[in-house]
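For reference, start_8.cif is printed below; it contains mmCIF, C-alpha atoms and all ligand atoms.
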data_input
#
loop_
_atom_site.label_atom_id
_atom_site.label_comp_id
_atom_site.auth_asym_id
_atom_site.auth_seq_id
_atom_site.Cartn_x
_atom_site.Cartn_y
_atom_site.Cartn_z
CA MET A 1 0.00 0.00 0.00
CA LYS A 2 1.45 3.33 -1.04
CA ILE A 3 0.70 6.66 0.59
CA LEU A 4 1.48 10.02 -0.98
CA VAL A 5 2.43 12.71 1.54
CA LEU A 6 2.15 16.38 0.59
CA ASN A 7 3.45 19.46 2.36
CA CYS A 8 2.28 22.58 0.54
CA GLY A 9 3.66 26.06 1.02
CA SER A 10 2.38 29.20 -0.69
CA SER A 11 4.66 28.65 -3.72
CA SER A 12 6.05 25.18 -3.06
CA LEU A 13 4.93 21.57 -2.75
CA LYS A 14 7.05 18.84 -1.16
CA TYR A 15 6.04 15.23 -1.61
CA GLN A 16 7.03 11.70 -0.72
CA LEU A 17 5.56 8.43 -1.92
CA ILE A 18 5.97 5.86 0.85
CA ASP A 19 5.47 2.10 0.62
CA MET A 20 3.70 1.26 3.87
CA GLU A 21 4.58 -2.44 3.67
CA ASN A 22 8.14 -1.59 4.69
CA GLU A 23 7.79 2.16 5.36
CA LYS A 24 10.43 2.92 2.71
CA VAL A 25 10.42 6.08 0.59
CA LEU A 26 9.84 5.17 -3.08
CA ALA A 27 10.20 8.71 -4.45
CA LYS A 28 10.34 12.25 -3.22
CA GLY A 29 10.47 15.70 -4.69
CA LEU A 30 9.78 19.38 -4.55
CA CYS A 31 7.87 21.78 -6.81
CA GLU A 32 9.17 25.31 -6.44
CA ARG A 33 8.00 28.70 -7.70
CA ILE A 34 4.36 27.65 -8.10
CA GLY A 35 2.49 30.68 -9.45
CA ILE A 36 5.79 32.42 -10.22
CA GLU A 37 7.78 32.44 -13.44
CA GLY A 38 10.42 29.71 -13.65
CA SER A 39 8.60 26.90 -11.80
CA VAL A 40 10.52 23.67 -11.48
CA LEU A 41 10.00 20.16 -10.12
CA THR A 42 12.93 18.26 -8.65
CA HIS A 43 12.10 14.57 -8.41
CA GLN A 44 14.04 11.59 -7.19
CA ALA A 45 12.97 7.99 -7.23
CA THR A 46 14.91 6.04 -4.60
CA GLY A 47 18.04 4.55 -6.13
CA SER A 48 17.85 6.78 -9.23
CA GLU A 49 19.36 10.10 -10.25
CA LYS A 50 17.58 13.34 -9.40
CA VAL A 51 15.68 14.84 -12.33
CA LYS A 52 14.65 18.45 -12.85
CA ILE A 53 11.55 19.26 -14.85
CA ASN A 54 11.00 22.86 -15.88
CA LYS A 55 7.33 23.47 -16.49
CA ASN A 56 5.05 26.42 -15.98
CA LEU A 57 2.99 25.74 -12.83
CA PRO A 58 0.47 28.54 -12.38
CA THR A 59 -1.47 26.77 -9.59
CA HIS A 60 -1.11 24.00 -7.01
CA LYS A 61 -3.44 21.91 -9.20
CA ASP A 62 -0.87 22.09 -12.01
CA ALA A 63 1.83 21.08 -9.53
CA VAL A 64 -0.15 18.06 -8.26
CA GLU A 65 -0.84 17.05 -11.88
CA LEU A 66 2.88 17.18 -12.65
CA VAL A 67 3.72 15.16 -9.52
CA PHE A 68 1.33 12.39 -10.64
CA GLU A 69 2.63 12.53 -14.24
CA THR A 70 6.18 12.20 -12.95
CA LEU A 71 5.32 9.34 -10.61
CA LEU A 72 3.64 7.55 -13.54
CA ASP A 73 6.28 8.38 -16.16
CA LYS A 74 8.04 5.46 -17.90
CA ASN A 75 11.49 6.85 -17.10
CA THR A 76 11.17 8.84 -13.89
CA GLY A 77 8.21 7.01 -12.43
CA ILE A 78 7.73 4.45 -9.72
CA ILE A 79 4.06 3.43 -10.19
CA LYS A 80 2.14 2.07 -13.17
CA SER A 81 -1.30 3.39 -12.32
CA MET A 82 -2.92 5.96 -10.05
CA ASP A 83 -4.69 3.02 -8.36
CA GLU A 84 -1.43 2.18 -6.62
CA VAL A 85 -1.70 5.33 -4.51
CA TYR A 86 -3.97 4.31 -1.67
CA ALA A 87 -4.55 7.72 -0.04
CA ILE A 88 -2.98 11.16 0.34
CA GLY A 89 -1.78 12.66 3.63
CA HIS A 90 -1.47 16.43 3.97
CA ARG A 91 0.52 18.39 6.48
CA VAL A 92 -1.74 21.17 7.76
CA LEU A 93 -0.25 23.77 10.04
CA HIS A 94 -3.10 24.96 12.21
CA GLY A 95 -6.19 23.08 13.32
CA GLY A 96 -7.18 25.68 15.94
CA ASN A 97 -8.99 24.04 18.83
CA LYS A 98 -11.26 22.12 16.47
CA PHE A 99 -9.04 19.09 15.89
CA THR A 100 -7.58 16.86 18.54
CA GLU A 101 -6.65 14.23 15.95
CA SER A 102 -5.85 13.83 12.28
CA ILE A 103 -8.98 13.49 10.16
CA VAL A 104 -10.23 12.35 6.73
CA VAL A 105 -11.03 15.51 4.76
CA ASP A 106 -14.64 16.41 3.95
CA ASP A 107 -16.39 19.74 3.42
CA ASN A 108 -16.61 20.44 7.16
CA VAL A 109 -12.89 19.81 7.60
CA LYS A 110 -12.08 22.14 4.70
CA LYS A 111 -14.27 24.82 6.26
CA ALA A 112 -12.51 24.36 9.61
CA ILE A 113 -9.08 24.67 7.95
CA LYS A 114 -10.36 27.89 6.35
CA ASP A 115 -11.63 29.15 9.72
CA CYS A 116 -8.02 28.85 10.94
CA PHE A 117 -6.55 31.08 8.18
CA ASP A 118 -6.16 33.88 10.75
CA LEU A 119 -4.12 31.60 13.00
CA GLY A 120 -1.87 30.26 10.23
CA PRO A 121 -1.99 32.96 7.56
CA LEU A 122 1.08 31.79 5.65
CA HIS A 123 0.47 28.05 5.74
CA ASN A 124 -3.22 27.17 6.08
CA PRO A 125 -4.32 28.70 2.74
CA ALA A 126 -1.53 26.80 0.95
CA ASN A 127 -2.39 23.58 2.80
CA LEU A 128 -6.01 23.90 1.70
CA MET A 129 -4.95 24.60 -1.89
CA GLY A 130 -2.98 21.33 -1.83
CA ILE A 131 -6.02 19.39 -0.59
CA GLU A 132 -8.33 20.94 -3.19
CA ALA A 133 -5.78 20.30 -5.93
CA CYS A 134 -5.72 16.60 -5.02
CA GLU A 135 -9.53 16.45 -4.96
CA GLN A 136 -9.53 17.75 -8.54
CA VAL A 137 -6.63 15.71 -9.90
CA ALA A 138 -7.35 12.46 -8.04
CA PRO A 139 -11.05 12.61 -7.08
CA THR A 140 -11.27 8.98 -5.94
CA LYS A 141 -8.50 9.27 -3.35
CA LYS A 142 -9.14 9.96 0.30
CA ASN A 143 -7.27 12.95 1.70
CA VAL A 144 -6.20 13.06 5.34
CA ALA A 145 -5.30 16.26 7.18
CA VAL A 146 -2.54 15.85 9.76
CA PHE A 147 -2.26 18.96 11.87
CA ASP A 148 0.88 20.35 13.44
CA THR A 149 -1.22 21.43 16.39
CA THR A 150 -3.00 18.21 17.43
CA PHE A 151 -0.10 16.97 19.61
CA GLY A 152 -0.49 20.10 21.76
CA MET A 153 -4.23 19.58 22.17
CA ALA A 154 -3.51 17.05 24.93
CA MET A 155 -2.16 19.83 27.18
CA ASP A 156 -4.01 20.65 30.37
CA GLU A 157 -5.71 24.06 30.76
CA LYS A 158 -3.06 25.19 33.21
CA ALA A 159 -0.44 24.68 30.49
CA TYR A 160 -2.29 26.07 27.47
CA LEU A 161 -4.19 29.08 28.83
CA TYR A 162 -2.44 32.43 28.74
CA ALA A 163 -2.89 34.72 31.75
CA ILE A 164 -4.97 37.24 29.79
CA PRO A 165 -8.71 38.01 30.10
CA HIS A 166 -10.54 34.72 29.59
CA GLU A 167 -12.93 36.23 27.07
CA TYR A 168 -10.10 36.22 24.47
CA TYR A 169 -9.86 32.46 24.70
CA GLU A 170 -13.62 32.13 24.41
CA LYS A 171 -14.03 34.62 21.58
CA TYR A 172 -10.90 33.94 19.53
CA GLY A 173 -9.41 30.67 20.78
CA ILE A 174 -6.25 32.44 21.97
CA ARG A 175 -4.21 29.76 23.76
CA LYS A 176 -0.97 27.89 23.45
CA TYR A 177 -1.30 25.36 20.59
CA GLY A 178 2.31 24.36 19.95
CA PHE A 179 3.80 23.40 16.58
CA HIS A 180 6.16 20.74 15.17
CA GLY A 181 3.53 18.46 16.70
CA THR A 182 3.99 15.69 14.14
CA SER A 183 7.71 15.68 14.90
CA HIS A 184 7.30 15.76 18.69
CA SER A 185 4.73 12.99 18.55
CA PHE A 186 6.92 10.84 16.28
CA VAL A 187 10.17 11.41 18.20
CA SER A 188 8.66 10.97 21.67
CA LYS A 189 7.08 7.65 20.66
CA GLU A 190 10.21 6.54 18.82
CA THR A 191 12.29 7.39 21.92
CA ILE A 192 10.13 5.05 24.00
CA LYS A 193 10.36 2.30 21.36
CA PHE A 194 14.06 2.63 20.55
CA GLY A 195 15.06 3.16 24.18
CA ASN A 196 12.90 0.26 25.35
CA LEU A 197 11.38 2.57 27.96
CA ALA A 198 8.19 2.14 29.99
CA LYS A 199 4.97 2.94 28.08
CA ASP A 200 4.36 5.94 30.33
CA ALA A 201 7.94 7.26 30.14
CA LYS A 202 8.51 10.99 30.67
CA VAL A 203 10.27 12.30 27.58
CA ILE A 204 11.57 15.74 26.63
CA VAL A 205 12.07 16.27 22.89
CA CYS A 206 14.30 19.09 21.64
CA HIS A 207 13.38 19.77 18.00
CA LEU A 208 16.22 22.12 17.07
CA GLY A 209 16.16 23.26 13.46
CA ASN A 210 15.76 26.61 11.82
CA GLY A 211 12.53 26.67 13.80
CA GLY A 212 12.92 25.15 17.23
CA SER A 213 10.71 23.86 20.01
CA VAL A 214 10.88 21.68 23.10
CA SER A 215 8.10 19.40 24.31
CA ALA A 216 7.38 17.44 27.47
CA SER A 217 5.28 14.31 27.13
CA ILE A 218 4.25 11.32 29.19
CA GLY A 219 3.74 8.13 27.20
CA GLY A 220 3.80 10.20 23.99
CA LYS A 221 1.00 12.51 25.26
CA CYS A 222 1.89 16.19 25.35
CA VAL A 223 2.18 17.83 28.77
CA ASP A 224 3.67 21.10 27.55
CA THR A 225 5.43 22.53 24.52
CA SER A 226 7.35 25.72 23.91
CA MET A 227 5.64 27.25 20.86
CA GLY A 228 2.38 29.10 21.44
CA LEU A 229 -0.54 30.60 19.57
CA THR A 230 1.96 30.94 16.73
CA PRO A 231 5.45 29.48 16.24
CA LEU A 232 7.00 32.70 17.63
CA GLU A 233 6.99 31.68 21.30
CA GLY A 234 9.70 29.69 23.04
CA LEU A 235 13.25 29.04 21.91
CA ILE A 236 15.64 31.40 20.15
CA MET A 237 15.41 30.22 16.52
CA GLY A 238 17.03 30.98 13.16
CA THR A 239 15.05 34.18 12.67
CA ARG A 240 12.47 34.16 15.50
CA SER A 241 13.05 35.80 18.86
CA GLY A 242 11.15 33.22 20.90
CA ASP A 243 10.05 34.38 24.38
CA ILE A 244 10.17 38.11 24.87
CA ASP A 245 8.54 40.70 27.12
CA PRO A 246 5.54 41.86 25.02
CA ALA A 247 6.26 45.43 26.16
CA VAL A 248 9.32 45.33 23.87
CA VAL A 249 6.91 45.47 20.92
CA GLN A 250 5.33 48.71 22.11
CA TYR A 251 8.74 50.17 22.96
CA ILE A 252 10.17 49.50 19.47
CA CYS A 253 6.95 50.81 17.88
CA ASN A 254 7.31 54.10 19.72
CA LYS A 255 11.05 54.51 19.28
CA GLU A 256 11.20 53.48 15.61
CA ASN A 257 7.81 54.79 14.55
CA LYS A 258 6.69 51.36 13.38
CA ASP A 259 3.33 49.63 13.72
CA VAL A 260 2.71 46.33 15.53
CA ASN A 261 2.73 44.32 12.29
CA GLU A 262 6.13 45.65 11.32
CA VAL A 263 7.61 44.81 14.71
CA LEU A 264 6.05 41.33 14.69
CA ASN A 265 7.61 40.83 11.28
CA ILE A 266 10.99 41.76 12.80
CA LEU A 267 10.45 39.30 15.67
CA ASN A 268 9.54 36.55 13.19
CA LYS A 269 11.98 37.16 10.37
CA LYS A 270 14.90 39.29 11.54
CA SER A 271 15.51 38.16 15.11
CA GLY A 272 16.78 34.90 16.61
CA ILE A 273 20.41 34.07 15.93
CA LEU A 274 20.23 36.17 12.75
CA GLY A 275 19.33 39.30 14.72
CA MET A 276 21.45 38.59 17.79
CA SER A 277 24.56 37.92 15.71
CA GLY A 278 24.24 41.35 14.09
CA GLY A 279 22.79 39.94 10.87
CA ILE A 280 25.38 37.24 10.06
CA SER A 281 22.94 34.46 9.13
CA ASN A 282 19.93 32.46 10.21
CA ASP A 283 21.93 29.30 9.47
CA PHE A 284 23.48 27.86 12.61
CA ARG A 285 26.57 26.68 10.69
CA ASP A 286 27.39 30.20 9.47
CA VAL A 287 26.97 31.65 12.94
CA GLU A 288 29.11 28.86 14.41
CA ASN A 289 31.85 29.57 11.86
CA ALA A 290 31.74 33.28 12.73
CA ALA A 291 31.91 32.46 16.45
CA ASN A 292 34.92 30.21 15.82
CA GLU A 293 36.59 33.11 14.05
CA GLY A 294 36.16 35.24 17.17
CA ASN A 295 32.93 37.13 16.41
CA HIS A 296 31.57 38.00 19.86
CA LEU A 297 27.91 38.54 18.86
CA ALA A 298 27.82 35.21 17.01
CA ASP A 299 29.25 33.52 20.10
CA VAL A 300 26.67 35.15 22.39
CA ALA A 301 23.80 34.24 20.03
CA LEU A 302 24.73 30.54 20.11
CA LYS A 303 25.30 30.58 23.87
CA ALA A 304 21.89 32.24 24.39
CA PHE A 305 20.25 29.63 22.11
CA LYS A 306 21.68 26.71 24.14
CA TYR A 307 20.94 28.43 27.46
CA ARG A 308 17.29 28.87 26.45
CA VAL A 309 16.98 25.19 25.47
CA ALA A 310 18.49 24.16 28.83
CA LYS A 311 16.04 26.42 30.69
CA TYR A 312 13.08 24.82 28.91
CA ILE A 313 14.38 21.35 29.74
CA GLY A 314 14.65 22.37 33.41
CA ALA A 315 11.12 23.77 33.37
CA TYR A 316 9.72 20.61 31.78
CA VAL A 317 11.47 18.33 34.27
CA ALA A 318 9.62 20.31 36.95
CA ALA A 319 6.33 20.17 34.99
CA MET A 320 6.52 16.35 34.82
CA ASN A 321 8.19 15.90 38.22
CA GLY A 322 11.00 14.00 36.53
CA VAL A 323 12.29 12.87 33.17
CA ASP A 324 13.32 9.47 31.82
CA ALA A 325 14.77 10.52 28.49
CA ILE A 326 15.77 13.58 26.50
CA SER A 327 15.91 13.35 22.69
CA PHE A 328 17.50 15.66 20.16
CA THR A 329 16.16 15.97 16.64
CA ALA A 330 15.97 18.20 13.46
CA GLY A 331 18.83 20.01 11.66
CA VAL A 332 20.85 21.20 14.63
CA GLY A 333 19.72 18.45 17.01
CA GLU A 334 20.68 15.69 14.57
CA ASN A 335 23.90 17.16 13.22
CA ASP A 336 25.57 19.36 15.79
CA LYS A 337 27.29 17.34 18.51
CA ASN A 338 28.61 20.50 20.19
CA SER A 339 25.14 21.93 20.72
CA ARG A 340 23.90 18.63 22.15
CA LYS A 341 26.88 18.41 24.50
CA GLU A 342 26.76 22.05 25.63
CA ILE A 343 23.00 21.91 26.31
CA CYS A 344 23.48 18.73 28.34
CA ASP A 345 26.36 20.34 30.26
CA TYR A 346 23.69 22.46 31.98
CA LEU A 347 21.95 19.29 33.18
CA GLY A 348 24.62 17.86 35.49
CA TYR A 349 22.25 18.42 38.44
CA LEU A 350 19.91 15.83 36.88
CA GLY A 351 22.72 13.32 36.60
CA VAL A 352 22.85 13.69 32.79
CA LYS A 353 26.17 12.54 31.36
CA ILE A 354 26.95 12.59 27.63
CA SER A 355 29.41 10.09 26.16
CA ASP A 356 31.70 12.01 23.78
CA GLU A 357 32.27 8.85 21.79
CA ARG A 358 28.55 8.02 21.37
CA ASN A 359 27.73 11.67 20.73
CA ASP A 360 30.16 11.79 17.79
CA ILE A 361 27.50 11.02 15.15
CA ARG A 362 24.99 12.67 12.83
CA GLY A 363 21.48 11.77 11.83
CA GLU A 364 21.39 8.29 13.30
CA GLU A 365 19.20 6.82 16.02
CA ARG A 366 21.46 6.34 19.01
CA LEU A 367 21.84 6.55 22.78
CA ILE A 368 24.37 9.33 23.38
CA SER A 369 24.48 9.32 27.19
CA THR A 370 26.86 7.18 29.27
CA ASP A 371 25.69 3.96 30.88
CA ASP A 372 25.70 5.60 34.30
CA SER A 373 23.77 8.72 33.19
CA LYS A 374 20.65 9.07 35.38
CA VAL A 375 18.63 10.25 32.38
CA LYS A 376 18.96 8.63 28.97
CA VAL A 377 19.79 11.01 26.14
CA PHE A 378 19.12 10.05 22.52
CA LEU A 379 19.59 11.32 19.02
CA ILE A 380 16.36 10.40 17.19
CA PRO A 381 16.06 11.67 13.60
CA THR A 382 12.61 13.07 12.98
CA ASN A 383 10.49 11.79 10.11
CA GLU A 384 7.38 13.90 9.75
CA GLU A 385 6.47 12.43 6.36
CA LEU A 386 6.42 8.90 7.73
CA ALA A 387 4.36 10.07 10.71
CA ILE A 388 1.84 11.66 8.30
CA ALA A 389 1.79 8.51 6.15
CA ARG A 390 1.11 6.33 9.21
CA GLU A 391 -1.77 8.57 10.30
CA THR A 392 -3.17 8.55 6.76
CA LEU A 393 -3.09 4.77 6.55
CA LYS A 394 -4.59 4.37 10.03
CA LEU A 395 -7.56 6.57 9.11
CA THR A 396 -8.25 5.19 5.65
CA LYS A 397 -7.62 1.46 5.97
P1 LIG B 1 15.93 22.12 9.80
O1 LIG B 1 15.06 23.35 9.96
O2 LIG B 1 15.53 21.01 10.72
O3 LIG B 1 16.11 21.70 8.38
O4 LIG B 1 17.39 22.57 10.31
C1 LIG B 1 18.13 23.54 9.61
C2 LIG B 1 19.24 24.06 10.51
O5 LIG B 1 20.10 22.98 10.89
C3 LIG B 1 20.12 25.08 9.79
O6 LIG B 1 20.18 26.29 10.53
C4 LIG B 1 21.48 24.42 9.77
O7 LIG B 1 22.49 25.35 9.98
C5 LIG B 1 21.43 23.47 10.92
N1 LIG B 1 22.46 22.44 10.75
C6 LIG B 1 22.51 21.47 9.83
N2 LIG B 1 23.67 20.77 9.99
C7 LIG B 1 24.36 21.34 11.00
C8 LIG B 1 25.63 21.11 11.63
N3 LIG B 1 26.41 20.13 11.24
N4 LIG B 1 25.99 21.93 12.64
C9 LIG B 1 25.19 22.92 13.04
N5 LIG B 1 23.99 23.19 12.49
C10 LIG B 1 23.57 22.42 11.50
#
Would you write the structure of this file as structure tokens?
Ligand code: AMP
Amino acid sequence: MKILVLNCGSSSLKYQLIDMENEKVLAKGLCERIGIEGSVLTHQATGSEKVKINKNLPTHKDAVELVFETLLDKNTGIIKSMDEVYAIGHRVLHGGNKFTESIVVDDNVKKAIKDCFDLGPLHNPANLMGIEACEQVAPTKKNVAVFDTTFGMAMDEKAYLYAIPHEYYEKYGIRKYGFHGTSHSFVSKETIKFGNLAKDAKVIVCHLGNGGSVSASIGGKCVDTSMGLTPLEGLIMGTRSGDIDPAVVQYICNKENKDVNEVLNILNKKSGILGMSGGISNDFRDVENAANEGNHLADVALKAFKYRVAKYIGAYVAAMNGVDAISFTAGVGENDKNSRKEICDYLGYLGVKISDERNDIRGEERLISTDDSKVKVFLIPTNEELAIARETLKLTK
């Protein structure tokens, strides 16, 4: 049984075709510049060379059509007929407080995704376009929406409510939702499986990529997570400030004669390690190189990033009254042994000990703590596409 997984952005569409018999990726690719001149599809069937197809793609429907054509093509393809694709799973950013689980798409679901446009203005419209494109191109296939926010829906009121007048929650659904939910759900469960831990193990997942978030979960069920109403809250990220005194917004508005939207744009796109380092880069590798060359601001930005992660881990140990395992994942978490080590150096009080030898790896599932570490620490590569494919199969079988 093969599941197609789609992740649509406003001008892009990423896809993977996964064989669910063995959970192996059969093909994957990316359509870029949808609706813009110079659109291109990069496609790779597993074990074959990458191919680039330049074709005008005015809409997401054209992109989905090209994806199917490419998957069916004699040379580039991997399937003989559309019938081989069992169902389609879609990553959807924001489900508001309407969805506590993934769901098979119908008209009500589409309306609910639309109702959340305000909460996910950049992603939800694109996600819906992807779903509607599939309905047109492959009308017999079931579409499943897998929301980034459903993991966080398990949080208790005391964790998700902001200390603002309650009417704003009731009127507008303003609360902490959390993001990277598919990744946190996948990695927390995989930690329990790979680490052979108790079913109700207390796990902290550090998803450290260009966007970053930390979650606390018990038995794979979210207790707390660092992102909020939007992905701006929490850690210091590539370009996002993370936690900040909201009064800073008003202060910058007054001093720089900017409006709230402009300042929020700065907090989302020009802050984080990019802003702290004086504009060097939002890429952790560039900032690390600058720090190694003696750039003080780059050094401080990276130290502040690790310090913030360690503070969240400490808070979540308190929230769960303990922790059995800590897992690192995503770009930085999977590839940067120094960040993993330096974050864990803050956790000596918990009895966390990292083995330098075990920690000397990238992108591989592995225990990286010593045998006598009181808390197990793992590197667990995330796999959001597989998580979406599993949900899709579960709901359509
Ligand atoms: P992601 O958003 O999960 O794709 O992660 C992207 C981030 O991971 C980028 O900022 C990269 O700089 C970072 N990254 C990838 N490899 C490394 C590495 N070896 N050391 C430090 N950061 C890395």
Of the residues A:Leu128, A:Ile34, A:Ile388, A:Leu235, which is the one nearest to Pro58 (chain A), using all atoms listed in the file?
A:Ile34
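Excluding Asp118 (chain A) and any residue on its chain fewer than 3 positions from it, the residues at most 10 Å away by all atoms listed in the file are His94, Gly96, Lys114, Asp115, Pro121, Leu122, Asn124, Pro125 and Tyr172 of chain A.
CA of Ile368 (chain A) is found 7.8 Å from CA of Asp356 (chain A).
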Please list as a compact mmCIF listing (two decimals) with C-alpha atoms, keeping the file's coordinate frame every residue within 7 Å of region 16-24 of chain A, counting all atoms listed in the file and excluding residues in the same chain fewer than 3 positions away.
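New file part_10.txt:
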# COMPACT_ATOMS: atom_id res chain seq x y z
CA MET A 1 0.00 0.00 0.00
CA LYS A 2 1.45 3.33 -1.04
CA ILE A 3 0.70 6.66 0.59
CA LEU A 4 1.48 10.02 -0.98
CA VAL A 5 2.43 12.71 1.54
CA LEU A 6 2.15 16.38 0.59
CA ALA A 27 10.20 8.71 -4.45
CA LYS A 28 10.34 12.25 -3.22
CA GLY A 29 10.47 15.70 -4.69
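Candidate residues A:Val67, A:Leu232, A:Ala310, A:Leu379 were compared for distance to Gly272 (chain A), and the nearest is A:Leu232, using all atoms listed in the file.
For Tyr346 (chain A), the set of protein, DNA and RNA residues having any atom at most 10 Å away, when counting only C-alpha atoms and skipping those fewer than 4 positions along the same chain, is A:Lys306, A:Tyr307, A:Val309, A:Ala310, A:Lys311, A:Ile313, A:Gly314, A:Lys341, A:Glu342, A:Leu350, A:Val352.
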At a cut-off of 6 Å and counting all atoms listed in the file, what residues surround ligand LIG 1 (chain B)? Please answer as a VMD selection string.
chain A and resid 209 to 211 283 to 285 330 to 332 335 to 336
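Among the candidates A:Asp259, A:Glu190, A:Asp62, A:Glu37, the one nearest to Ala325 (chain A) when counting only C-alpha atoms is A:Glu190.
Coordinates place CA of Val249 (chain A) at a distance of 6.3 Å from CA of Val263 (chain A).
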Contacts between region 133-153 of chain A and region 13-107 of chain A, please, where a residue of region 13-107 of chain A counts if it comes within 12 Å (with only C-alpha atoms); show its shortest atom pair and distance in Å to one decimal, rows by chain and ascending number, as JSON lines.
{"residue": "A:Leu13", "atom": "CA", "partner": "A:Ala133", "partner_atom": "CA", "distance": 11.2}
{"residue": "A:Thr59", "atom": "CA", "partner": "A:Ala133", "partner_atom": "CA", "distance": 8.6}
{"residue": "A:His60", "atom": "CA", "partner": "A:Ala133", "partner_atom": "CA", "distance": 6.1}
{"residue": "A:Lys61", "atom": "CA", "partner": "A:Ala133", "partner_atom": "CA", "distance": 4.3}
{"residue": "A:Asp62", "atom": "CA", "partner": "A:Ala133", "partner_atom": "CA", "distance": 8.0}
{"residue": "A:Ala63", "atom": "CA", "partner": "A:Ala133", "partner_atom": "CA", "distance": 8.5}
{"residue": "A:Val64", "atom": "CA", "partner": "A:Ala133", "partner_atom": "CA", "distance": 6.5}
{"residue": "A:Glu65", "atom": "CA", "partner": "A:Val137", "partner_atom": "CA", "distance": 6.3}
{"residue": "A:Leu66", "atom": "CA", "partner": "A:Val137", "partner_atom": "CA", "distance": 10.0}
{"residue": "A:Val67", "atom": "CA", "partner": "A:Val137", "partner_atom": "CA", "distance": 10.4}
{"residue": "A:Phe68", "atom": "CA", "partner": "A:Val137", "partner_atom": "CA", "distance": 8.7}
{"residue": "A:Glu69", "atom": "CA", "partner": "A:Val137", "partner_atom": "CA", "distance": 10.7}
{"residue": "A:Ser81", "atom": "CA", "partner": "A:Ala138", "partner_atom": "CA", "distance": 11.7}
{"residue": "A:Met82", "atom": "CA", "partner": "A:Ala138", "partner_atom": "CA", "distance": 8.1}
{"residue": "A:Asp83", "atom": "CA", "partner": "A:Lys141", "partner_atom": "CA", "distance": 8.9}
{"residue": "A:Glu84", "atom": "CA", "partner": "A:Lys141", "partner_atom": "CA", "distance": 10.5}
{"residue": "A:Val85", "atom": "CA", "partner": "A:Lys141", "partner_atom": "CA", "distance": 7.9}
{"residue": "A:Tyr86", "atom": "CA", "partner": "A:Lys141", "partner_atom": "CA", "distance": 6.9}
{"residue": "A:Ala87", "atom": "CA", "partner": "A:Lys142", "partner_atom": "CA", "distance": 5.1}
{"residue": "A:Ile88", "atom": "CA", "partner": "A:Asn143", "partner_atom": "CA", "distance": 4.8}
{"residue": "A:Gly89", "atom": "CA", "partner": "A:Val144", "partner_atom": "CA", "distance": 4.8}
{"residue": "A:His90", "atom": "CA", "partner": "A:Ala145", "partner_atom": "CA", "distance": 5.0}
{"residue": "A:Arg91", "atom": "CA", "partner": "A:Val146", "partner_atom": "CA", "distance": 5.2}
{"residue": "A:Val92", "atom": "CA", "partner": "A:Phe147", "partner_atom": "CA", "distance": 4.7}
{"residue": "A:Leu93", "atom": "CA", "partner": "A:Asp148", "partner_atom": "CA", "distance": 5.0}
{"residue": "A:His94", "atom": "CA", "partner": "A:Thr149", "partner_atom": "CA", "distance": 5.8}
{"residue": "A:Gly95", "atom": "CA", "partner": "A:Phe147", "partner_atom": "CA", "distance": 5.9}
{"residue": "A:Gly96", "atom": "CA", "partner": "A:Thr149", "partner_atom": "CA", "distance": 7.3}
{"residue": "A:Asn97", "atom": "CA", "partner": "A:Met153", "partner_atom": "CA", "distance": 7.3}
{"residue": "A:Lys98", "atom": "CA", "partner": "A:Thr150", "partner_atom": "CA", "distance": 9.2}
{"residue": "A:Phe99", "atom": "CA", "partner": "A:Thr150", "partner_atom": "CA", "distance": 6.3}
{"residue": "A:Thr100", "atom": "CA", "partner": "A:Thr150", "partner_atom": "CA", "distance": 4.9}
{"residue": "A:Glu101", "atom": "CA", "partner": "A:Thr150", "partner_atom": "CA", "distance": 5.6}
{"residue": "A:Ser102", "atom": "CA", "partner": "A:Val146", "partner_atom": "CA", "distance": 4.6}
{"residue": "A:Ile103", "atom": "CA", "partner": "A:Ala145", "partner_atom": "CA", "distance": 5.5}
{"residue": "A:Val104", "atom": "CA", "partner": "A:Val144", "partner_atom": "CA", "distance": 4.3}
{"residue": "A:Val105", "atom": "CA", "partner": "A:Val144", "partner_atom": "CA", "distance": 5.4}
{"residue": "A:Asp106", "atom": "CA", "partner": "A:Asn143", "partner_atom": "CA", "distance": 8.4}
{"residue": "A:Asp107", "atom": "CA", "partner": "A:Glu135", "partner_atom": "CA", "distance": 11.3}
